[in-house]
Amino acid sequence: MKKGLKIVTIGGGSSYTPELVEGLIKRHDELPVSELWLVDIPEGEEKLNIVGTLAKRMVEKAGVPMDVHLTLDRREALKDADFVTTQFRVGLLEARAKDERIPLKYGVIGQETNGPGGLFKGLRTIPVILDIAKDIEELCPDAWLVNFTNPAGMVTEALLRYSNLKKVVGLCNVPIGMKMGVAKALDVDESRIEIQFAGLNHMVFGLDVFLDGISVKEKVIEAMADPANAMTMKNISGESWEPDFIRGLDLIPCGYHRYYYKTQEMLEHELEASKTEGTRAEVVQQVEKELFELYKDRELAIKPPQLEKRGGAYYSDAACNLISSIYNDKHDIQPVNTMNNGAIASIPDDSAVEVNCVMTKNGPKPIAVGDLPVTVRGLVQQIKSFERVAAEAAVTGDYNTALVAMTINPLVPSDKIAKQILDEMLEAHQEHLPQFFKSVEA
Ligand code: G6P
């Protein structure tokens, strides 16, 4: 008889946690979680108590035998865990708002996981996730680390390169969102859709799309060429594609590709928004306030539909499907971030990629795609170079390495501008970047 599972969620005070709890409740028969530990840091204690109490009400109402524990003691929580999920935001949304505003001053895209914002989210996050990896190695070495802390691709790369953990999977809801977008465009149930994913996190392409096993890529591309059908996500403005570009590309891009193939329009949109409703983080801060007010309501014992206003909607299906497939050795196919091992020919074997994998009790087994089409291969390789240099800068705290990462990012136009943005953002985030300011103290 399999013992009940122990799942630990680091960043448990997140507004997304009710999604995860709902996902675990829905799957309790196939995924018998007996302990869910929600872990946060002292600054997040109030949020942890609000969302943790809601989690307890949800479990109680559903009548599943799952003990929900709330704690600030990560090491206590990690003992003998079976799965560890990570979903934390160092510096919270305030830090993200700076990531989105400062680059705009220099005429550069300000975004959560792309460009200078992606670099700084990585610089803040990677030292923390590597500390967590050391605790996992010591306290629950057999656990799977399922990370959806952004930038999920760069974080997975850092874990593969700079930690001793082998059981690491990076996760994102973009692929599931693309599948839902295609199903909507073709007006079919998403269970009939299969997309051949290949690329990196937030840089993933659909190389082909199947409806009941028959390729419908041309049909989907025609749908994407229709300005009325933006097929974007809650957090990315849906500027429509140039029809002949998308036809010529002959691939399904993800929402984030707009920042690379429509940079000018996206920058104009961001500059306009920053003067009106605010940047995405500032809009989301308002959504968060509403969500936590809702979560306090003692009558609430389900995941509120308002959570679907967030871009990360449905990530819990991705997370719970993944955990269940590993636990049950399902051998189904899911798109996750894992060691490339030759799945994409033009990406180094030892790098993290986002591809379809067969999900087994020994983890994801990537399905080889051959190579990326020459039209997109260069951009993916450039982003991979950026991720690797950024991860090195995060680990070393070396200024010049950080400047190289900033400069080689395709959204940053020159080394001079890169240096100006880097200096201002280092200053703005100093409290969360000890690796860059240790020399000052010394
Ligand atoms: C998408 C991405 C996530 C990202 C989220 C932002 O879902 O896959 O990685 O964090 O959007 O959504 P937000 O509502 O915070 O802008």
# chains A, B, ... in the order shown; residues from 1 in each chain; ligands from 1
$ closest_atom_pairs --of "stretch 377-420 of chain A" --to "stretch 260-278 of chain A" --cutoff "12 Å" --atoms "only C-alpha atoms" --output "tab-separated table"
residue	atom	partner	partner_atom	distance
A:Leu379	CA	A:Tyr260	CA	8.8
A:Val380	CA	A:Tyr260	CA	10.9
A:Gln382	CA	A:Tyr260	CA	11.8
A:Ile383	CA	A:Tyr260	CA	10.8
A:Asn409	CA	A:Tyr260	CA	10.6
A:Pro410	CA	A:Tyr260	CA	7.6
A:Leu411	CA	A:Tyr260	CA	7.1
A:Val412	CA	A:Thr263	CA	10.7
A:Pro413	CA	A:Thr263	CA	11.4
$ select_by_dssp --residues "stretch 215-296 of chain A" --states "alpha helix (DSSP H)" --output "PyMOL selection string"
chain A and resi 217-225+243-249+258-261+263-275+280-296
$ closest_residue --among "A:Leu145, A:Leu31, A:Cys172, A:Val358" --to "A:Ala313" --atoms "only C-alpha atoms"
A:Cys172
$ residues_near_ligand --ligand "ligand 1" --cutoff "6 Å" --atoms "only C-alpha atoms and all ligand atoms" --output "PyMOL selection string"
chain A and resi 150+172-174+235+280+284+310-312
$ closest_residue --among "A:Thr85, A:Thr125, A:Ser215, A:Ser324" --to "A:Gln196" --atoms "only C-alpha atoms"
A:Ser215
$ residues_around --residues "A:Asp244" --least-positions-apart "3" --cutoff "8 Å" --atoms "only C-alpha atoms" --output "list in words"
Ala225, Arg247 and Gly248 of chain A
$ select_by_dssp --residues "stretch 316-348 of chain A" --states "strand (DSSP E)" --output "list in words"
Asp332, Ile333, Gln334, Pro335, Val336, Asn337, Thr338 and Met339 of chain A
$ residues_around --residues "stretch 98-104 of chain A" --least-positions-apart "3" --cutoff "8 Å" --atoms "only C-alpha atoms" --output "PyMOL selection string"
chain A and resi 94-95+107-112+116-118+120-121+267+270-271+274+279-281+421+424-425+428
$ write_last_selection --atoms "N, CA and C atoms" --output "mmCIF file, in the first residue's frame"
data_model
loop_
_atom_site.group_PDB
_atom_site.id
_atom_site.type_symbol
_atom_site.label_atom_id
_atom_site.label_comp_id
_atom_site.auth_asym_id
_atom_site.auth_seq_id
_atom_site.Cartn_x
_atom_site.Cartn_y
_atom_site.Cartn_z
ATOM 1 N N GLU A 94 6.514 44.191 -6.025
ATOM 2 C CA GLU A 94 7.204 45.504 -6.045
ATOM 3 C C GLU A 94 8.483 45.404 -6.890
ATOM 4 N N ALA A 95 9.202 44.297 -6.720
ATOM 5 C CA ALA A 95 10.446 44.119 -7.492
ATOM 6 C C ALA A 95 10.120 43.962 -8.973
ATOM 7 N N GLY A 107 13.915 53.020 -23.353
ATOM 8 C CA GLY A 107 13.334 52.564 -24.622
ATOM 9 C C GLY A 107 13.460 51.073 -24.840
ATOM 10 N N VAL A 108 13.492 50.322 -23.700
ATOM 11 C CA VAL A 108 13.655 48.857 -23.779
ATOM 12 C C VAL A 108 12.448 48.188 -23.103
ATOM 13 N N ILE A 109 12.048 47.031 -23.642
ATOM 14 C CA ILE A 109 10.921 46.259 -23.084
ATOM 15 C C ILE A 109 11.157 45.978 -21.600
ATOM 16 N N GLY A 110 10.129 46.252 -20.764
ATOM 17 C CA GLY A 110 10.204 45.889 -19.342
ATOM 18 C C GLY A 110 9.226 44.743 -19.112
ATOM 19 N N GLN A 111 9.721 43.553 -18.807
ATOM 20 C CA GLN A 111 8.835 42.378 -18.748
ATOM 21 C C GLN A 111 9.303 41.434 -17.652
ATOM 22 N N GLU A 112 8.389 40.642 -17.107
ATOM 23 C CA GLU A 112 8.661 39.785 -15.944
ATOM 24 C C GLU A 112 9.784 38.782 -16.190
ATOM 25 N N PRO A 116 15.755 42.796 -19.669
ATOM 26 C CA PRO A 116 16.356 43.135 -18.366
ATOM 27 C C PRO A 116 15.548 42.623 -17.164
ATOM 28 N N GLY A 117 14.227 42.591 -17.302
ATOM 29 C CA GLY A 117 13.396 42.085 -16.190
ATOM 30 C C GLY A 117 13.637 40.612 -15.946
ATOM 31 N N GLY A 118 13.787 39.849 -17.038
ATOM 32 C CA GLY A 118 14.065 38.414 -16.882
ATOM 33 C C GLY A 118 15.428 38.192 -16.267
ATOM 34 N N PHE A 120 17.005 40.205 -14.170
ATOM 35 C CA PHE A 120 17.010 40.509 -12.729
ATOM 36 C C PHE A 120 16.128 39.559 -11.916
ATOM 37 N N LYS A 121 15.062 39.044 -12.532
ATOM 38 C CA LYS A 121 14.284 38.021 -11.789
ATOM 39 C C LYS A 121 15.195 36.821 -11.554
ATOM 40 N N LEU A 267 6.643 47.554 -27.195
ATOM 41 C CA LEU A 267 7.233 48.637 -26.412
ATOM 42 C C LEU A 267 6.275 49.831 -26.368
ATOM 43 N N GLU A 270 3.547 49.063 -24.026
ATOM 44 C CA GLU A 270 3.983 49.124 -22.612
ATOM 45 C C GLU A 270 4.142 50.571 -22.162
ATOM 46 N N LEU A 271 4.731 51.415 -23.028
ATOM 47 C CA LEU A 271 4.939 52.827 -22.652
ATOM 48 C C LEU A 271 3.591 53.489 -22.392
ATOM 49 N N SER A 274 2.090 52.181 -19.178
ATOM 50 C CA SER A 274 2.788 52.662 -17.959
ATOM 51 C C SER A 274 2.306 54.063 -17.568
ATOM 52 N N THR A 279 1.995 49.298 -15.291
ATOM 53 C CA THR A 279 2.635 48.099 -15.879
ATOM 54 C C THR A 279 1.850 46.867 -15.411
ATOM 55 N N ARG A 280 2.177 45.713 -15.996
ATOM 56 C CA ARG A 280 1.459 44.473 -15.659
ATOM 57 C C ARG A 280 1.534 44.201 -14.154
ATOM 58 N N ALA A 281 2.723 44.346 -13.570
ATOM 59 C CA ALA A 281 2.859 44.077 -12.119
ATOM 60 C C ALA A 281 1.959 45.005 -11.322
ATOM 61 N N ILE A 421 21.143 50.495 -17.834
ATOM 62 C CA ILE A 421 20.017 49.754 -17.230
ATOM 63 C C ILE A 421 20.526 48.869 -16.091
ATOM 64 N N GLU A 424 21.322 50.938 -12.935
ATOM 65 C CA GLU A 424 20.132 51.436 -12.227
ATOM 66 C C GLU A 424 19.378 50.281 -11.552
ATOM 67 N N MET A 425 19.320 49.110 -12.239
ATOM 68 C CA MET A 425 18.558 47.975 -11.662
ATOM 69 C C MET A 425 19.303 47.314 -10.516
ATOM 70 N N ALA A 428 18.506 49.482 -7.666
ATOM 71 C CA ALA A 428 17.083 49.385 -7.273
ATOM 72 C C ALA A 428 16.797 48.093 -6.508
#
$ residues_around --residues "A:Phe210" --least-positions-apart "3" --cutoff "12 Å" --atoms "only C-alpha atoms" --output "PyMOL selection string"
chain A and resi 179+182-183+186+188+190-197+206-207+213-220
$ residues_around --residues "stretch 46-62 of chain A" --least-positions-apart "3" --cutoff "12 Å" --atoms "only C-alpha atoms" --output "ChimeraX atom specification"
/A:9-28,33-43,65-72,88,92,288-289,291-304
$ write_last_selection --atoms "C-alpha atoms" --output "PDB file, in the first residue's frame"
ATOM      1  CA  THR A   9       5.237  24.064  -1.551  1.00  0.00           C
ATOM      2  CA  ILE A  10       7.814  26.812  -1.097  1.00  0.00           C
ATOM      3  CA  GLY A  11       6.151  30.149  -1.692  1.00  0.00           C
ATOM      4  CA  GLY A  12       2.996  28.695  -0.158  1.00  0.00           C
ATOM      5  CA  GLY A  13       1.636  32.179   0.572  1.00  0.00           C
ATOM      6  CA  SER A  14       1.203  32.825  -3.154  1.00  0.00           C
ATOM      7  CA  SER A  15      -2.207  33.870  -4.465  1.00  0.00           C
ATOM      8  CA  TYR A  16      -1.883  30.922  -6.869  1.00  0.00           C
ATOM      9  CA  THR A  17      -1.916  28.326  -4.055  1.00  0.00           C
ATOM     10  CA  PRO A  18      -5.709  27.721  -4.182  1.00  0.00           C
ATOM     11  CA  GLU A  19      -5.183  26.528  -7.792  1.00  0.00           C
ATOM     12  CA  LEU A  20      -2.658  23.959  -6.595  1.00  0.00           C
ATOM     13  CA  VAL A  21      -4.852  22.850  -3.686  1.00  0.00           C
ATOM     14  CA  GLU A  22      -7.850  22.443  -6.032  1.00  0.00           C
ATOM     15  CA  GLY A  23      -5.692  20.376  -8.391  1.00  0.00           C
ATOM     16  CA  LEU A  24      -4.538  18.069  -5.574  1.00  0.00           C
ATOM     17  CA  ILE A  25      -8.093  17.675  -4.241  1.00  0.00           C
ATOM     18  CA  LYS A  26      -9.411  16.794  -7.730  1.00  0.00           C
ATOM     19  CA  ARG A  27      -6.767  14.066  -8.143  1.00  0.00           C
ATOM     20  CA  HIS A  28      -6.763  12.673  -4.605  1.00  0.00           C
ATOM     21  CA  VAL A  33      -1.419  13.394  -0.708  1.00  0.00           C
ATOM     22  CA  SER A  34      -1.699  13.051   3.082  1.00  0.00           C
ATOM     23  CA  GLU A  35       0.433  16.106   3.962  1.00  0.00           C
ATOM     24  CA  LEU A  36       0.660  19.446   2.188  1.00  0.00           C
ATOM     25  CA  TRP A  37       3.180  21.832   3.751  1.00  0.00           C
ATOM     26  CA  LEU A  38       2.886  25.468   2.685  1.00  0.00           C
ATOM     27  CA  VAL A  39       6.145  27.289   3.393  1.00  0.00           C
ATOM     28  CA  ASP A  40       6.879  30.987   3.255  1.00  0.00           C
ATOM     29  CA  ILE A  41       9.230  33.602   4.708  1.00  0.00           C
ATOM     30  CA  PRO A  42       8.448  36.006   7.605  1.00  0.00           C
ATOM     31  CA  GLU A  43       7.569  38.857   5.197  1.00  0.00           C
ATOM     32  CA  PRO A  65      -7.716  13.206   4.142  1.00  0.00           C
ATOM     33  CA  MET A  66      -4.965  15.793   3.579  1.00  0.00           C
ATOM     34  CA  ASP A  67      -3.332  17.642   6.484  1.00  0.00           C
ATOM     35  CA  VAL A  68      -2.395  21.200   5.539  1.00  0.00           C
ATOM     36  CA  HIS A  69       0.570  22.595   7.513  1.00  0.00           C
ATOM     37  CA  LEU A  70       1.669  26.241   7.442  1.00  0.00           C
ATOM     38  CA  THR A  71       5.239  27.080   8.416  1.00  0.00           C
ATOM     39  CA  LEU A  72       8.094  29.568   8.077  1.00  0.00           C
ATOM     40  CA  PHE A  88       8.176  32.155  -4.976  1.00  0.00           C
ATOM     41  CA  LEU A  92       7.375  40.296  -4.510  1.00  0.00           C
ATOM     42  CA  GLU A 288      -3.769  40.397  -5.673  1.00  0.00           C
ATOM     43  CA  LYS A 289      -5.404  42.812  -3.187  1.00  0.00           C
ATOM     44  CA  LEU A 291      -7.875  38.039  -4.266  1.00  0.00           C
ATOM     45  CA  PHE A 292      -6.569  38.210  -0.687  1.00  0.00           C
ATOM     46  CA  GLU A 293      -9.715  40.084   0.408  1.00  0.00           C
ATOM     47  CA  LEU A 294     -11.709  37.211  -1.122  1.00  0.00           C
ATOM     48  CA  TYR A 295      -9.488  34.599   0.484  1.00  0.00           C
ATOM     49  CA  LYS A 296     -10.169  36.061   3.941  1.00  0.00           C
ATOM     50  CA  ASP A 297     -13.883  35.306   3.569  1.00  0.00           C
ATOM     51  CA  ARG A 298     -14.516  32.390   5.942  1.00  0.00           C
ATOM     52  CA  GLU A 299     -17.452  31.346   3.743  1.00  0.00           C
ATOM     53  CA  LEU A 300     -15.111  30.785   0.781  1.00  0.00           C
ATOM     54  CA  ALA A 301     -14.042  27.133   0.479  1.00  0.00           C
ATOM     55  CA  ILE A 302     -13.275  26.819  -3.234  1.00  0.00           C
ATOM     56  CA  LYS A 303     -10.787  28.382  -5.643  1.00  0.00           C
ATOM     57  CA  PRO A 304     -12.419  31.684  -6.676  1.00  0.00           C
TER      58      PRO A 304
END
